[in-house]
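Colleague: First the structure, then my questions, so here it is.
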Amino acid sequence: MIYSKILGTGAYLPEKILTNADMEKIVDTTHDWIVERTGIHQRHIAAEHETALTMAEKASRQAMTDAGITPAEIGMIIIATTTPEKMFPSTACLLQQRLGIAGCPAFDLNSTACAGFMYALSIADQYIKSGAIKSALVIGSEVMSRVVDWSDRTTCVLFGDGAGAVVIGASQEPGVLSTHLHADGTHKDVLSLPVSIGKPMDVEGALYIQMTGNQLFKLAVNILGDLFDETLKANGLKKSDINWLVPHQANIRIIQSMAKKLDLDMDQVAITLPDQGNTSSASIPLALDKAIRDGRIKRGDMLLLEGFGGGLAWGSALIKY
Ligand code: UT7
């Protein structure tokens with residue numbers, strides 16, 4: 001049996017930070033409201049010259065160094081991003097060119113939003129498991145600051161910029177044990193970025209994220225609970241077998257409720273939300289990288305990763321690190 005194993009991780013966060021005190025000067029909000037309702041204290045914001053591509057390159061190079069692998073050994077590049085460099089060529093192709101390699105498949109997952117990293121990881125895992133490729137670079141990279149309406153307090157306080165990357169490679173040792181992906185288009189209006197190519201904008205502010213936060217909150221809590229049951233059942237495992245939850249970082253109250261569902265203490269949850277906000281598809285690899293790099297997640301630990309976002313789309317992975 002071939003598994004895909006996490007060989008290395010990398011991260012990049014822009015230097016500029018906007019604190020909640022800074023947000024108070026931009027929109028009608030308060031530090032206390034943001035912390036109480038979301039858990040966010042600050043977010044990183046890309047400089048003018050930084051893009052999903054430049055940040056993906058930095059995170060990827062760090063992940064490849066960590067994995068002890070050269071760009072030439074990468075068998076596939078997938079970038080999950082809702083804020084791509086261009087419509088096409090893909091950010092992944094542009095990264096491939098910057099890495100000085102050619103030939104391996106490279107593509108973006110643009111529309112799975114905050115669930116993007118789970119979709120990307122699942123696809124790369126299937127290719128590795130089937131024996132079609134030996135390694136993959138899986139990235140989440142987002143400049144959310146360019147798609148939020150900075151006059152809308154209900155969204156602009158939530159998001160941040162950054163990139164996280166993971167190198168996975170074929171192994172005889174257990175690694176990614178299973179992945180689970182879902183979508184339900186009946187909830188299409190709960191979270192969207194409704195700009196349409198070549199068409200007049202049919203929604204006011206279509207260039208910006210539209211979100212009905214409280215509806216999404218309730219949906220997330222329900223679907224993630226079912227997703228955990230599905231993931232554990234597929235592997236014949238119990239909640240107590242899980243060492244770490246590595247969740248999408250959207251809201252601390254959602255994360256706390258997920259930890260409770262799994263009977264995990266909060267110190268068994270990889271959290272970056274207070275310092276980074278919601279970085280969409282970058283949030284899971286960023287949280288994973290941080291907890292691995294500071295030594296909390298150790299080889300042999302059982303990790304449950306989960307993400308959800310626009311679509312709705314959601315997914316999980318169970319990984320023996
Ligand atoms: O990554 C994609 C997935 N995203 C998510 O999962 C987001 C999930 N949802 C959430 O995280 C929460 O729903 C939010 C943080 C977005 C909102 O928190 P909430 O507790 O659900 O608040 P709400 O939307 O029900 O709004 C409560 C009040 C409203 O005022 P009224 O109508 O009660 O007078 C809002 O206008 O809070 C107001 N409000 C704010 N007040 C101060 C909304 N945003 C702000 C703000 N500062 N930034």
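Naming works like this for the structure tokens: A, B, ... for the chains as they're shown, residue 1 at the start of each chain, ligands 1 onward in shown order.
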Fewer than 3 positions away in the same chain doesn't count, so skip those; otherwise give me all residues within 12 Å of segment 57-64 of chain A, counting only C-alpha atoms, as a PyMOL selection string.

Modeller: chain A and resi 6-14+50-54+67-74+77-79+91-100+135-142+162-169+282+285-286+288-289+292-293

Colleague: Could you pull out all residues of segment 31-252 of chain A with a DSSP call of strand (DSSP E or B) and give them as a ChimeraX atom specification?

Modeller: /A:42-44,77-80,106-109,135-143,159,161-171,176-183,191-192,210-211,244-247

Colleague: So that I can check the surroundings of segment 260-276 of chain A, please list as number ranges by chain every protein, DNA and RNA residue that reaches within 10 Å of it, counting only C-alpha atoms and ignoring chain neighbours fewer than 4 positions away.

Modeller: A: 13, 17-19, 35, 38-45, 158-162, 221, 224-225, 228-229, 238-252, 254-256, 283-284, 286-292, 296-297, 303-305

Colleague: Using only C-alpha atoms and all ligand atoms, which of the listed residues (A:His187, A:Arg146, A:His49, A:Lys218) sits closest to ligand 1?

Modeller: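 Closest candidate: A:Lys218.
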
Colleague: Report, in Å to a single decimal, how far apart atom CA of Val176 of chain A and atom CA of Ile133 of chain A are.

Modeller: 15.1 Å

Colleague: Near segment 196-200 of chain A, counting only C-alpha atoms, which residues have an atom at most 10 Å away, once you skip same-chain residues fewer than 6 positions from it, shown as a ChimeraX atom specification?

Modeller: /A:87,206-207

Colleague: Could you give me the residues within segment 3-251 of chain A that DSSP places in alpha helix (DSSP H), as an mmCIF file with C-alpha atoms, in the first residue's frame?

Modeller:
data_model
loop_
_atom_site.group_PDB
_atom_site.id
_atom_site.type_symbol
_atom_site.label_atom_id
_atom_site.label_comp_id
_atom_site.auth_asym_id
_atom_site.auth_seq_id
_atom_site.Cartn_x
_atom_site.Cartn_y
_atom_site.Cartn_z
ATOM 1 C CA ASN A 20 -8.041 45.613 15.863
ATOM 2 C CA ALA A 21 -7.138 49.130 17.045
ATOM 3 C CA ASP A 22 -6.236 49.898 13.411
ATOM 4 C CA MET A 23 -9.584 48.443 12.282
ATOM 5 C CA GLU A 24 -11.391 50.776 14.701
ATOM 6 C CA LYS A 25 -10.026 53.675 12.627
ATOM 7 C CA ILE A 26 -11.279 52.143 9.350
ATOM 8 C CA HIS A 31 -11.483 45.507 19.558
ATOM 9 C CA ASP A 32 -13.832 43.916 22.101
ATOM 10 C CA TRP A 33 -16.508 43.072 19.502
ATOM 11 C CA ILE A 34 -13.961 41.497 17.163
ATOM 12 C CA VAL A 35 -12.287 39.435 19.895
ATOM 13 C CA GLU A 36 -15.543 38.330 21.511
ATOM 14 C CA ARG A 37 -17.301 37.343 18.253
ATOM 15 C CA THR A 38 -14.340 36.021 16.267
ATOM 16 C CA ALA A 52 -0.692 34.971 -4.228
ATOM 17 C CA LEU A 53 2.258 33.983 -6.437
ATOM 18 C CA THR A 54 5.046 35.732 -4.521
ATOM 19 C CA MET A 55 3.737 34.432 -1.200
ATOM 20 C CA ALA A 56 3.244 30.897 -2.585
ATOM 21 C CA GLU A 57 6.846 30.908 -3.816
ATOM 22 C CA LYS A 58 8.194 31.837 -0.388
ATOM 23 C CA ALA A 59 6.101 29.230 1.453
ATOM 24 C CA SER A 60 6.920 26.549 -1.168
ATOM 25 C CA ARG A 61 10.662 27.086 -1.075
ATOM 26 C CA GLN A 62 10.581 26.758 2.715
ATOM 27 C CA ALA A 63 8.474 23.561 2.491
ATOM 28 C CA MET A 64 10.859 22.015 -0.076
ATOM 29 C CA THR A 65 13.892 22.867 2.073
ATOM 30 C CA ASP A 66 12.118 21.353 5.080
ATOM 31 C CA ALA A 67 11.332 18.202 3.055
ATOM 32 C CA THR A 91 -0.671 30.767 -10.353
ATOM 33 C CA ALA A 92 0.699 27.214 -10.162
ATOM 34 C CA CYS A 93 2.127 27.454 -13.711
ATOM 35 C CA LEU A 94 3.685 30.817 -12.860
ATOM 36 C CA LEU A 95 5.203 29.277 -9.736
ATOM 37 C CA GLN A 96 6.472 26.316 -11.747
ATOM 38 C CA GLN A 97 8.290 28.725 -14.061
ATOM 39 C CA ARG A 98 9.781 30.601 -11.084
ATOM 40 C CA GLY A 116 -9.491 24.835 -1.150
ATOM 41 C CA PHE A 117 -6.577 23.328 0.733
ATOM 42 C CA MET A 118 -8.613 20.229 1.670
ATOM 43 C CA TYR A 119 -9.604 19.730 -1.982
ATOM 44 C CA ALA A 120 -6.010 20.248 -3.172
ATOM 45 C CA LEU A 121 -4.571 17.870 -0.589
ATOM 46 C CA SER A 122 -7.156 15.211 -1.432
ATOM 47 C CA ILE A 123 -6.400 15.376 -5.176
ATOM 48 C CA ALA A 124 -2.634 15.207 -4.648
ATOM 49 C CA ASP A 125 -3.098 12.313 -2.218
ATOM 50 C CA GLN A 126 -5.138 10.324 -4.781
ATOM 51 C CA TYR A 127 -2.415 10.773 -7.420
ATOM 52 C CA ILE A 128 0.295 9.646 -5.021
ATOM 53 C CA LYS A 129 -1.708 6.685 -3.696
ATOM 54 C CA ARG A 153 -17.354 45.967 8.919
ATOM 55 C CA THR A 154 -19.082 42.584 8.717
ATOM 56 C CA THR A 155 -16.313 41.158 6.496
ATOM 57 C CA CYS A 156 -13.203 43.369 6.478
ATOM 58 C CA GLY A 213 -22.006 35.262 8.588
ATOM 59 C CA ASN A 214 -24.494 33.980 11.133
ATOM 60 C CA GLN A 215 -26.102 31.529 8.653
ATOM 61 C CA LEU A 216 -22.698 30.262 7.627
ATOM 62 C CA PHE A 217 -21.737 29.860 11.271
ATOM 63 C CA LYS A 218 -24.695 27.512 11.916
ATOM 64 C CA LEU A 219 -24.104 25.548 8.709
ATOM 65 C CA ALA A 220 -20.420 25.118 9.543
ATOM 66 C CA VAL A 221 -21.096 23.737 13.013
ATOM 67 C CA ASN A 222 -23.542 21.146 11.635
ATOM 68 C CA ILE A 223 -21.581 19.980 8.596
ATOM 69 C CA LEU A 224 -18.302 19.743 10.485
ATOM 70 C CA GLY A 225 -19.852 17.589 13.199
ATOM 71 C CA ASP A 226 -21.090 15.127 10.547
ATOM 72 C CA LEU A 227 -17.739 15.308 8.756
ATOM 73 C CA PHE A 228 -15.864 14.258 11.901
ATOM 74 C CA ASP A 229 -18.180 11.274 12.373
ATOM 75 C CA GLU A 230 -17.660 10.260 8.729
ATOM 76 C CA THR A 231 -13.869 10.619 8.956
ATOM 77 C CA LEU A 232 -13.524 8.607 12.173
ATOM 78 C CA LYS A 233 -15.942 5.905 10.957
ATOM 79 C CA ALA A 234 -14.078 5.478 7.648
#

Colleague: Go through A:Ala259, A:Val148, A:Val27, A:Ala132 and flag the residue nearest ligand 1, using only C-alpha atoms and all ligand atoms for the distances.

Modeller: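 Looking only at the distances to ligand 1, the closest residue turns out to be A:Val27.
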
Colleague: Find the distance between atom CA of Gly185 of chain A and atom CA of Gly315 of chain A and write it in Å to one decimal.

Modeller: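 Here the two named atoms are 14.6 Å from each other.
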
Colleague: Using only C-alpha atoms and all ligand atoms for the distances, tell me which of A:Thr186, A:Thr30, A:Ser130, A:Ser151 is nearest to ligand 1.

Modeller: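 Distance minimum relative to ligand 1 lands on A:Thr30.
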
Colleague: Quick one, how far is atom CA of Thr212 of chain A from atom 46 (C, counted along the ligand's line) of ligand 1?

Modeller: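 Calculated distance between atom CA of Thr212 of chain A and atom 46 (C, counted along the ligand's line) of ligand 1 is 13.1 Å.
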
Colleague: Taking only C-alpha atoms and all ligand atoms into account, which of A:Asp301, A:Glu85, A:Glu306, A:Asp294 comes nearest ligand 1?

Modeller: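 Result for the nearest residue to ligand 1: A:Glu306.
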
Colleague: I'd like the contact shell of segment 109-115 of chain A - 6 Å cut-off, only C-alpha atoms, skipping same-chain residues fewer than 2 positions apart - returned as a list in words.

Modeller: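 Close residues of segment 109-115 of chain A: Ala80, Thr81, Thr82, Phe117, Met118, Ser280, Ser281, Gly307, Phe308, Gly309, Gly310, Ala313 and Trp314 of chain A.
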
Colleague: Out of A:Gln210, A:Asp184, A:Gly75, A:Gly300, which residue has the shortest atom-to-atom distance to Tyr321 of chain A when counting only C-alpha atoms?

Modeller: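 Of A:Gln210, A:Asp184, A:Gly75, A:Gly300, the one nearest Tyr321 of chain A, counting only C-alpha atoms, is A:Gly300.
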